[in-house]
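File shown: structure.txt. Contents: compact mmCIF, C-alpha atoms.
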# COMPACT_ATOMS: atom_id res chain seq x y z
CA MET S 21 1.01 -5.34 -0.13
CA LEU S 22 4.36 -3.62 0.46
CA GLU S 23 3.09 -2.15 3.71
CA LYS S 24 2.26 -5.62 5.02
CA ILE S 25 5.75 -6.84 4.09
CA GLU S 26 7.32 -3.83 5.81
CA LYS S 27 5.31 -4.38 8.98
CA PHE S 28 6.05 -8.10 9.00
CA VAL S 29 9.80 -7.60 8.50
CA ALA S 30 9.93 -4.87 11.16
CA CYS S 31 8.01 -7.08 13.60
CA VAL S 32 10.30 -10.06 12.96
CA CYS S 33 13.38 -7.85 13.40
CA VAL S 34 12.16 -6.45 16.71
CA SER S 35 11.14 -9.90 17.97
CA VAL S 36 14.42 -11.58 17.05
CA MET S 37 16.40 -8.67 18.46
CA ALA S 38 14.47 -8.84 21.76
CA VAL S 39 15.16 -12.56 22.11
CA LEU S 40 18.84 -12.15 21.23
CA VAL S 41 19.40 -9.24 23.57
CA PHE S 42 17.56 -11.04 26.39
CA ALA S 43 19.69 -14.16 25.81
CA ASN S 44 22.79 -11.97 25.82
CA VAL S 45 21.82 -10.42 29.17
CA ILE S 46 21.25 -13.87 30.66
CA ALA S 47 24.58 -15.10 29.26
CA ARG S 48 26.41 -12.15 30.77
CA TYR S 49 24.76 -12.67 34.13
CA VAL S 50 25.14 -16.46 34.29
CA PHE S 51 28.39 -17.07 32.40
CA ASN S 52 30.06 -13.64 32.67
CA HIS S 53 30.50 -13.71 28.90
CA SER S 54 28.67 -11.93 26.12
CA LEU S 55 27.22 -13.68 23.09
CA ALA S 56 29.02 -12.05 20.18
CA VAL S 57 26.53 -13.61 17.78
CA SER S 58 23.76 -11.70 19.53
CA ASP S 59 25.54 -8.37 19.11
CA GLU S 60 26.34 -9.02 15.46
CA ILE S 61 22.89 -10.16 14.37
CA SER S 62 21.12 -7.47 16.42
CA THR S 63 23.20 -4.76 14.78
CA TYR S 64 22.31 -5.91 11.28
CA LEU S 65 18.65 -6.42 12.12
CA PHE S 66 18.55 -2.90 13.57
CA VAL S 67 19.63 -1.52 10.18
CA LEU S 68 16.88 -3.40 8.36
CA MET S 69 14.29 -2.50 11.00
CA SER S 70 15.22 1.19 10.74
CA PHE S 71 14.59 1.25 7.00
CA MET S 72 11.30 -0.62 7.38
CA GLY S 73 10.27 1.83 10.09
CA THR S 74 11.14 4.69 7.77
CA ALA S 75 8.94 3.20 5.05
CA ILE S 76 6.06 2.62 7.47
CA ALA S 77 6.29 6.19 8.79
CA ALA S 78 6.44 7.59 5.26
CA ARG S 79 3.24 5.76 4.32
CA ARG S 80 1.51 7.12 7.44
CA ARG S 81 3.04 10.58 6.99
CA ALA S 82 4.26 10.22 10.54
CA HIS S 83 7.80 11.56 10.15
CA LEU S 84 8.79 14.24 12.57
CA GLY S 85 8.75 17.69 11.12
CA LEU S 86 8.08 21.31 11.84
CA SER S 87 4.71 22.49 10.65
CA ILE S 88 5.25 26.12 11.60
CA ILE S 89 5.64 27.05 7.93
CA THR S 90 3.21 24.62 6.31
CA ASP S 91 0.45 25.60 8.75
CA ARG S 92 0.64 29.23 7.56
CA VAL S 93 0.70 28.77 3.80
CA SER S 94 -1.94 28.04 1.20
CA PRO S 95 -2.93 24.44 0.46
CA ARG S 96 -1.09 24.61 -2.87
CA ALA S 97 2.13 25.86 -1.23
CA ARG S 98 1.75 23.18 1.46
CA LEU S 99 1.47 20.58 -1.30
CA VAL S 100 4.60 21.88 -3.02
CA ILE S 101 6.56 21.87 0.24
CA ASN S 102 5.41 18.39 1.26
CA ILE S 103 5.98 16.87 -2.16
CA SER S 104 9.41 18.51 -2.30
CA MET S 105 10.34 17.04 1.08
CA TYR S 106 9.13 13.59 0.10
CA GLY S 107 10.94 13.92 -3.23
CA ILE S 108 14.21 14.81 -1.50
CA SER S 109 13.72 11.90 0.89
CA ALA S 110 13.02 9.51 -2.01
CA LEU S 111 16.11 10.76 -3.84
CA PHE S 112 18.21 10.25 -0.73
CA CYS S 113 16.89 6.70 -0.38
CA LEU S 114 17.58 6.01 -4.06
CA LEU S 115 21.18 7.17 -3.54
CA ILE S 116 21.44 4.78 -0.60
CA VAL S 117 20.15 2.01 -2.89
CA ILE S 118 22.77 2.80 -5.55
CA PHE S 119 25.68 3.06 -3.14
CA GLY S 120 24.35 0.12 -1.12
CA VAL S 121 24.34 -2.09 -4.20
CA GLN S 122 27.91 -1.02 -4.95
CA MET S 123 28.85 -1.86 -1.35
CA VAL S 124 27.24 -5.32 -1.59
CA ILE S 125 29.00 -6.05 -4.89
CA SER S 126 32.31 -5.02 -3.33
CA GLN S 127 31.69 -7.19 -0.27
CA TYR S 128 30.85 -10.14 -2.49
CA GLN S 129 33.87 -9.68 -4.76
CA MET S 130 36.25 -9.30 -1.84
CA GLY S 131 34.78 -12.28 0.00
CA GLN S 132 34.30 -10.30 3.19
CA GLU S 133 32.96 -12.21 6.18
CA THR S 134 31.35 -11.09 9.39
CA ALA S 135 33.64 -10.89 12.40
CA THR S 136 31.96 -13.41 14.67
CA MET S 137 29.97 -15.85 12.58
CA GLN S 138 32.20 -15.72 9.52
CA TRP S 139 29.15 -15.46 7.27
CA PRO S 140 29.37 -13.58 3.96
CA GLU S 141 29.12 -9.87 4.73
CA TRP S 142 27.11 -9.19 1.55
CA ILE S 143 24.12 -11.03 3.05
CA TYR S 144 23.79 -8.44 5.79
CA GLY S 145 25.02 -5.66 3.54
CA SER S 146 22.06 -6.32 1.26
CA PHE S 147 19.77 -5.11 4.06
CA VAL S 148 20.87 -1.55 3.22
CA PRO S 149 19.79 -1.32 -0.45
CA VAL S 150 16.72 -3.52 0.09
CA GLY S 151 15.54 -1.47 3.06
CA ALA S 152 16.28 1.82 1.30
CA ALA S 153 14.32 0.61 -1.75
CA PHE S 154 11.26 -0.01 0.43
CA ALA S 155 11.64 3.46 1.94
CA ALA S 156 12.08 5.10 -1.49
CA ILE S 157 8.95 3.41 -2.81
CA ALA S 158 7.01 4.54 0.26
CA PHE S 159 8.14 8.16 -0.23
CA LEU S 160 7.25 8.07 -3.94
CA GLU S 161 3.83 6.59 -3.19
CA GLY S 162 3.35 9.23 -0.52
CA MET S 163 4.04 11.94 -3.08
CA THR S 164 1.42 10.58 -5.47
CA ASP S 165 -1.11 10.15 -2.65
CA MET S 166 -0.59 13.75 -1.52
CA TYR S 167 -1.15 15.01 -5.03
CA LYS S 168 -4.29 12.88 -5.50
CA GLU S 169 -5.72 14.11 -2.21
CA TYR S 170 -5.00 17.72 -3.16
CA ARG S 171 -6.69 17.26 -6.55
CA ALA S 172 -9.71 15.61 -4.89
CA GLU S 173 -10.02 18.55 -2.45
CA GLU S 174 -9.61 21.03 -5.28
CA ASP S 175 -12.34 19.38 -7.36
CA LYS S 176 -14.90 19.68 -4.54

Just give me the structure of the file as C-alpha cells.
Amino acid sequence: MLEKIEKFVACVCVSVMAVLVFANVIARYVFNHSLAVSDEISTYLFVLMSFMGTAIAARRRAHLGLSIITDRVSPRARLVINISMYGISALFCLLIVIFGVQMVISQYQMGQETATMQWPEWIYGSFVPVGAAFAAIAFLEGMTDMYKEYRAEEDK
C-alpha cells in the first residue's frame, strides 16, 4: 500500500513540476518574465519527490552502491553488511523526521510564509518529515525482507 502511495506522489510531483517548468519557459519567452510561483512550488515538490524516490529505490534495492566487497564475502556477511547499511539509512531518515518536525513546529510558531505566494511555510516544510518517514519505513521493511530472504535460503 505504501509503495503505491509513494509512486502516486512521485508521479504527481513530476507531472506538476513538468507543467510548471514548461509554463515558466513559455512565460519567459513570451513575456520576458519568470513565474516566481513556478520556481517556488517546483522547489518544494522536488524535495518531496526526492524522498519518495528514495523510498521507492529502497524497496527495490536499487540504490547505487559498490558491490566489490559484498560480492566477495559469504552470504551471512553480505546480509550483515546490507542490513547495516539499510539500518544506517533508516536511522538517518528518522533523524530527518525528528529535526524536520522541529523545523515545521518552528515555522508554524513563527508564522513564516513563503517568499512569493505568502503561504504558510510549514505546509511545504512538512514535506521533509513526511517524505523522510516514508523513506525510513521503506529502509526498515527492506531490512526485514533481506533477513527473511536469507532465512528462506538458509532453510533450503

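Here the question is which of S:Ile118, S:Val32, S:Leu22, S:Ile89 gets nearest to Phe154 (chain S) using all atoms listed in the file, and that residue is S:Leu22.
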
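Take the candidates S:Tyr128, S:Phe119, S:Tyr49, S:Tyr167 and check each one against Leu99 (chain S) using all atoms listed in the file; the shortest distance goes to S:Tyr167.
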
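Across S:Trp142, S:Ser104, S:Leu114, S:Arg98, the tightest approach to Tyr170 (chain S) is made by S:Arg98 when counting all atoms listed in the file.
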
- Message: Give me the residues near Tyr64 (chain S) as a PyMOL selection string, where near means some atom within 10 Å (using only C-alpha atoms) and where sequence neighbours in that chain fewer than 2 positions away do not count.
- Response: chain S and resi 33+37+59-62+66-69+143-145+147-148

- CA of Lys27 (chain S) to CA of Ile76 (chain S), distance in Å rounded to a single decimal: 7.2 Å

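Between Met105 (chain S) and the residues S:Met163, S:Val50, S:Ala153, S:Pro140, the shortest atom-to-atom distance, using all atoms listed in the file, involves S:Met163.
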
- Message: What's the separation between CA of Glu161 (chain S) and CA of Thr74 (chain S), in Å to one decimal place?
- Response: 13.3 Å

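Comparing the minimum interatomic distances between Val124 (chain S) and each of S:Ala172, S:Ser58, S:Glu141, S:Met21, counting all atoms listed in the file, we find that S:Glu141 sits nearest.
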
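Of note, CA of Asp175 (chain S) and CA of Ala97 (chain S) are spaced 17.0 Å apart.
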
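Remark: for Val57 (chain S), the closest of the candidate residues S:Asn44, S:Ser70, S:Thr164, S:Ser35 is S:Asn44 (distances computed over all atoms listed in the file).
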
- Close residues, Ser54 (chain S) itself excluded, 9 Å, all atoms listed in the file, min 6 positions apart in chain, as a ChimeraX atom specification: /S:44-48

Might I get the box with edges along x, y and z of the file that holds all atoms of region 49-60 of chain S listed there, padded by 8 Å on every side, given as centre and edge lengths in Å to one decimal, as lines of an AutoDock Vina configuration file?
center_x = 27.1
center_y = -12.7
center_z = 24.9
size_x = 22.7
size_y = 24.7
size_z = 34.8
